[in-house]
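Here is the structure we will look at, set down as structure tokens.
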Amino acid sequence: MKKLYPDAVTALSGLLFDGMVIMSGGFGLCGIPDVLIDAVKLSGVKNLTVISNNAGIDGVGLGTLLETRQIKKMISSYVGENATFAKQYLSGELEIEFNPQGTLAERIRAGGAGVPAFFTATGYGTQIAEGKEVREFNGRWYVMETGLFADLALVHAYKADTEGNLVFRKTARNFNPMMATAAKTTVVQVEHLVEPGEIDPDHIHTPGIFVKRIVKLDQPVKRIEQRTVRKKETV
């Protein structure tokens, strides 16, 4: 199967529809599939449910889909850097399903592993547990959380071969690998593309069997969400 596509719009052709569930990788602005997100925006699909650790910032990443009001619901753990997100949520335009960050990661991992639900102590006794099944194990109470599985996963990888074997770099490895396993179709944008056999098998984070389509980035843009510098010392 040919997995390499010439651009993001072509790679998403035939995969997008109104009301679908999309997983979007990355952490903050690190490792986000920004080029693929832009292609989703151009398609005009709406009423999307998006699973992502966060919602980017205003005008960047998923923030662009919020501005066009293509997202109906976010399943996330942190959204504090996006003013558009806050405004839409407070006005009732946007649904939010908040998750503790570790719970969100495990829900995605479970979905990819075919695990329908699991129990975690995180969130017991708080609003997180409201309406969910709770159960006691060995004297401690746990909350049942369901696995997450999407119609489409959008992923950013540092390196890939043309068979779809992926390597992630540093912080971008937080959510991208597990999301690549937890969708009907996974589309990857990649910084460096090589031929099969050029990646040491021990260095592969996600096997190519999970990846259906690949887009090679020409000039990856790496943004800094919050620039923190040390004050210049005076002598």
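Residues are referred to by chain and number: the chain letter is A, B, ... according to the order shown in the structure tokens, the number counts from 1 in that chain, and ligands are numbered separately from 1 in the order shown.
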List the spatial neighbours of stretch 110-112 of chain A as a PyMOL selection string - criterion: any atom at most 9 Å away, only C-alpha atoms, same-chain residues fewer than 6 positions off excluded.
chain A and resi 118+146-150+178-183
Near-stretch 36-52 of chain A list (7 Å; only C-alpha atoms; drop same-chain fewer than 5 positions) as a ChimeraX atom specification
/A:8-9,16-25,61-62,65,70-76,154
Prev. selection, N, CA, C and O atoms, output as an mmCIF file, in the first residue's frame:
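Everything below was put into part05.cif:
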data_model
loop_
_atom_site.group_PDB
_atom_site.id
_atom_site.type_symbol
_atom_site.label_atom_id
_atom_site.label_comp_id
_atom_site.auth_asym_id
_atom_site.auth_seq_id
_atom_site.Cartn_x
_atom_site.Cartn_y
_atom_site.Cartn_z
ATOM 1 N N ALA A 8 -1.163 17.700 2.785
ATOM 2 C CA ALA A 8 -2.099 17.362 3.856
ATOM 3 C C ALA A 8 -3.539 17.262 3.358
ATOM 4 O O ALA A 8 -4.301 16.394 3.795
ATOM 5 N N VAL A 9 -3.924 18.156 2.470
ATOM 6 C CA VAL A 9 -5.296 18.117 1.944
ATOM 7 C C VAL A 9 -5.567 16.792 1.241
ATOM 8 O O VAL A 9 -6.614 16.157 1.433
ATOM 9 N N LEU A 16 -12.740 12.862 6.072
ATOM 10 C CA LEU A 16 -13.387 13.840 6.936
ATOM 11 C C LEU A 16 -14.890 13.899 6.706
ATOM 12 O O LEU A 16 -15.365 13.826 5.567
ATOM 13 N N PHE A 17 -15.634 14.037 7.802
ATOM 14 C CA PHE A 17 -17.086 14.193 7.708
ATOM 15 C C PHE A 17 -17.607 14.902 8.959
ATOM 16 O O PHE A 17 -16.973 14.873 10.021
ATOM 17 N N ASP A 18 -18.750 15.548 8.839
ATOM 18 C CA ASP A 18 -19.336 16.270 9.959
ATOM 19 C C ASP A 18 -19.646 15.325 11.112
ATOM 20 O O ASP A 18 -20.127 14.202 10.906
ATOM 21 N N GLY A 19 -19.370 15.790 12.337
ATOM 22 C CA GLY A 19 -19.720 15.023 13.524
ATOM 23 C C GLY A 19 -18.721 13.947 13.895
ATOM 24 O O GLY A 19 -18.977 13.160 14.810
ATOM 25 N N MET A 20 -17.581 13.890 13.222
ATOM 26 C CA MET A 20 -16.611 12.830 13.490
ATOM 27 C C MET A 20 -15.804 13.123 14.755
ATOM 28 O O MET A 20 -15.802 14.236 15.286
ATOM 29 N N VAL A 21 -15.082 12.093 15.221
ATOM 30 C CA VAL A 21 -14.202 12.207 16.379
ATOM 31 C C VAL A 21 -12.757 12.186 15.884
ATOM 32 O O VAL A 21 -12.346 11.257 15.185
ATOM 33 N N ILE A 22 -11.994 13.209 16.266
ATOM 34 C CA ILE A 22 -10.607 13.336 15.833
ATOM 35 C C ILE A 22 -9.695 13.398 17.051
ATOM 36 O O ILE A 22 -9.954 14.156 17.988
ATOM 37 N N MET A 23 -8.623 12.612 17.040
ATOM 38 C CA MET A 23 -7.560 12.761 18.025
ATOM 39 C C MET A 23 -6.464 13.620 17.409
ATOM 40 O O MET A 23 -6.111 13.440 16.243
ATOM 41 N N SER A 24 -5.943 14.547 18.202
ATOM 42 C CA SER A 24 -4.896 15.443 17.720
ATOM 43 C C SER A 24 -3.740 15.430 18.708
ATOM 44 O O SER A 24 -3.891 15.801 19.868
ATOM 45 N N GLY A 25 -2.560 14.988 18.247
ATOM 46 C CA GLY A 25 -1.421 14.783 19.123
ATOM 47 C C GLY A 25 -0.729 16.071 19.536
ATOM 48 O O GLY A 25 -1.089 17.174 19.120
ATOM 49 N N GLY A 61 -2.707 25.900 15.868
ATOM 50 C CA GLY A 61 -3.149 24.545 16.175
ATOM 51 C C GLY A 61 -4.663 24.445 16.198
ATOM 52 O O GLY A 61 -5.354 25.019 15.342
ATOM 53 N N LEU A 62 -5.180 23.743 17.190
ATOM 54 C CA LEU A 62 -6.632 23.572 17.292
ATOM 55 C C LEU A 62 -7.345 24.897 17.530
ATOM 56 O O LEU A 62 -8.557 25.000 17.310
ATOM 57 N N LEU A 65 -9.386 25.935 14.620
ATOM 58 C CA LEU A 65 -10.683 25.271 14.448
ATOM 59 C C LEU A 65 -11.719 25.804 15.418
ATOM 60 O O LEU A 65 -12.924 25.768 15.142
ATOM 61 N N GLN A 70 -15.643 25.028 14.247
ATOM 62 C CA GLN A 70 -15.809 23.688 13.684
ATOM 63 C C GLN A 70 -15.808 22.614 14.771
ATOM 64 O O GLN A 70 -16.176 21.478 14.511
ATOM 65 N N ILE A 71 -15.376 22.971 15.975
ATOM 66 C CA ILE A 71 -15.335 22.016 17.081
ATOM 67 C C ILE A 71 -16.561 22.182 17.969
ATOM 68 O O ILE A 71 -16.849 23.278 18.452
ATOM 69 N N LYS A 72 -17.263 21.079 18.182
ATOM 70 C CA LYS A 72 -18.437 21.086 19.054
ATOM 71 C C LYS A 72 -18.072 20.700 20.479
ATOM 72 O O LYS A 72 -18.629 21.225 21.449
ATOM 73 N N LYS A 73 -17.112 19.766 20.615
ATOM 74 C CA LYS A 73 -16.764 19.244 21.933
ATOM 75 C C LYS A 73 -15.271 18.960 22.001
ATOM 76 O O LYS A 73 -14.688 18.456 21.047
ATOM 77 N N MET A 74 -14.667 19.284 23.146
ATOM 78 C CA MET A 74 -13.262 18.958 23.398
ATOM 79 C C MET A 74 -13.177 17.978 24.562
ATOM 80 O O MET A 74 -13.830 18.152 25.590
ATOM 81 N N ILE A 75 -12.357 16.938 24.388
ATOM 82 C CA ILE A 75 -12.024 16.014 25.474
ATOM 83 C C ILE A 75 -10.555 16.252 25.769
ATOM 84 O O ILE A 75 -9.688 15.868 24.980
ATOM 85 N N SER A 76 -10.266 16.935 26.870
ATOM 86 C CA SER A 76 -8.926 17.457 27.121
ATOM 87 C C SER A 76 -8.575 17.396 28.599
ATOM 88 O O SER A 76 -9.401 17.058 29.439
ATOM 89 N N LEU A 154 -4.626 12.448 14.104
ATOM 90 C CA LEU A 154 -3.664 13.317 13.437
ATOM 91 C C LEU A 154 -2.413 13.367 14.301
ATOM 92 O O LEU A 154 -2.467 13.745 15.472
#
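In terms of minimum interatomic distance to A:Val221, A:Val190 ranks closest within A:Ala117, A:Val190, A:Leu90, A:Ile199, counting only C-alpha atoms.
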Could you name the residues that touch A:Asp7 at 12 Å or less, counting only C-alpha atoms, but leaving out those on the same chain fewer than 5 positions away, as a PyMOL selection string?
chain A and resi 12-13+35-36+38-39+187-190+213-218
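Closest approach to A:Ile32 among A:Glu191, A:Glu130, A:Asp202, A:Glu233: A:Glu191, based on only C-alpha atoms.
From atom CA of A:Arg169 back to atom CA of A:Lys3, the distance works out to 21.6 Å.
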Running DSSP on the backbone, which parts of chain A land in strand (DSSP E or B), as a JSON list (two decimals) with C-alpha atoms, in the first residue's frame?
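Contents of out35.json, freshly written:
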[["chain", "number", "residue", "atom", "x", "y", "z"],
["A", 4, "LEU", "CA", 3.00, 8.74, 1.13],
["A", 5, "TYR", "CA", 0.78, 11.64, 0.00],
["A", 21, "VAL", "CA", -14.20, 12.21, 16.38],
["A", 22, "ILE", "CA", -10.61, 13.34, 15.83],
["A", 23, "MET", "CA", -7.56, 12.76, 18.03],
["A", 24, "SER", "CA", -4.90, 15.44, 17.72],
["A", 27, "PHE", "CA", 1.66, 18.74, 24.12],
["A", 30, "CYS", "CA", 5.16, 20.83, 20.84],
["A", 48, "LEU", "CA", -16.27, 17.84, 15.54],
["A", 49, "THR", "CA", -15.37, 16.11, 18.79],
["A", 50, "VAL", "CA", -11.65, 16.58, 19.31],
["A", 51, "ILE", "CA", -9.54, 14.58, 21.75],
["A", 57, "ILE", "CA", -3.45, 28.83, 21.59],
["A", 60, "VAL", "CA", -2.44, 28.28, 16.32],
["A", 71, "ILE", "CA", -15.33, 22.02, 17.08],
["A", 72, "LYS", "CA", -18.44, 21.09, 19.05],
["A", 73, "LYS", "CA", -16.76, 19.24, 21.93],
["A", 74, "MET", "CA", -13.26, 18.96, 23.40],
["A", 75, "ILE", "CA", -12.02, 16.01, 25.47],
["A", 76, "SER", "CA", -8.93, 17.46, 27.12],
["A", 95, "GLU", "CA", -18.78, 21.28, 25.34],
["A", 96, "ILE", "CA", -15.86, 20.19, 27.48],
["A", 97, "GLU", "CA", -15.04, 16.80, 28.98],
["A", 98, "PHE", "CA", -12.18, 17.45, 31.37],
["A", 117, "ALA", "CA", -12.82, 0.54, 30.46],
["A", 118, "PHE", "CA", -10.55, 0.58, 33.50],
["A", 119, "PHE", "CA", -10.55, 1.73, 37.12],
["A", 120, "THR", "CA", -8.37, 4.51, 38.53],
["A", 134, "VAL", "CA", -17.12, 3.60, 41.42],
["A", 135, "ARG", "CA", -15.85, 0.41, 42.99],
["A", 136, "GLU", "CA", -13.78, -0.56, 46.00],
["A", 137, "PHE", "CA", -10.65, -2.68, 45.60],
["A", 140, "ARG", "CA", -9.54, 1.87, 48.24],
["A", 141, "TRP", "CA", -12.15, 3.44, 45.97],
["A", 142, "TYR", "CA", -11.73, 3.74, 42.22],
["A", 143, "VAL", "CA", -13.52, 5.45, 39.35],
["A", 144, "MET", "CA", -14.34, 3.65, 36.11],
["A", 145, "GLU", "CA", -13.12, 5.45, 32.99],
["A", 146, "THR", "CA", -13.84, 4.35, 29.43],
["A", 150, "ALA", "CA", -11.48, 8.02, 17.26],
["A", 151, "ASP", "CA", -12.44, 8.04, 13.61],
["A", 152, "LEU", "CA", -9.17, 9.78, 12.78],
["A", 153, "ALA", "CA", -5.85, 10.41, 14.53],
["A", 154, "LEU", "CA", -3.66, 13.32, 13.44],
["A", 155, "VAL", "CA", -0.06, 12.77, 14.49],
["A", 156, "HIS", "CA", 3.28, 14.60, 14.22],
["A", 157, "ALA", "CA", 6.46, 12.49, 14.06],
["A", 158, "TYR", "CA", 10.11, 13.48, 14.01],
["A", 159, "LYS", "CA", 11.10, 10.69, 11.61],
["A", 160, "ALA", "CA", 9.32, 8.03, 9.58],
["A", 161, "ASP", "CA", 10.05, 5.61, 6.80],
["A", 166, "LEU", "CA", 7.55, 6.31, 13.44],
["A", 167, "VAL", "CA", 10.08, 7.93, 15.74],
["A", 183, "ALA", "CA", -8.20, 5.48, 15.67],
["A", 184, "LYS", "CA", -9.72, 3.85, 12.63],
["A", 185, "THR", "CA", -7.29, 5.82, 10.46],
["A", 186, "THR", "CA", -4.00, 7.47, 11.44],
["A", 187, "VAL", "CA", -2.46, 10.20, 9.32],
["A", 188, "VAL", "CA", 1.04, 11.43, 10.14],
["A", 189, "GLN", "CA", 2.96, 14.57, 9.25],
["A", 190, "VAL", "CA", 6.68, 13.92, 9.46],
["A", 191, "GLU", "CA", 9.80, 16.09, 9.59],
["A", 192, "HIS", "CA", 12.29, 13.56, 8.21],
["A", 193, "LEU", "CA", 11.34, 10.80, 5.77],
["A", 194, "VAL", "CA", 13.65, 7.86, 5.07],
["A", 206, "THR", "CA", 5.13, 3.22, 16.61],
["A", 213, "ARG", "CA", -1.14, 7.94, 5.34],
["A", 214, "ILE", "CA", 2.01, 10.10, 5.56],
["A", 215, "VAL", "CA", 2.77, 13.71, 4.64],
["A", 216, "LYS", "CA", 6.36, 14.98, 4.46]]
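Nearest to A:Gln219 of all the residues A:Lys232, A:Gln88, A:Asp34, A:Thr103 is A:Asp34, counting only C-alpha atoms.
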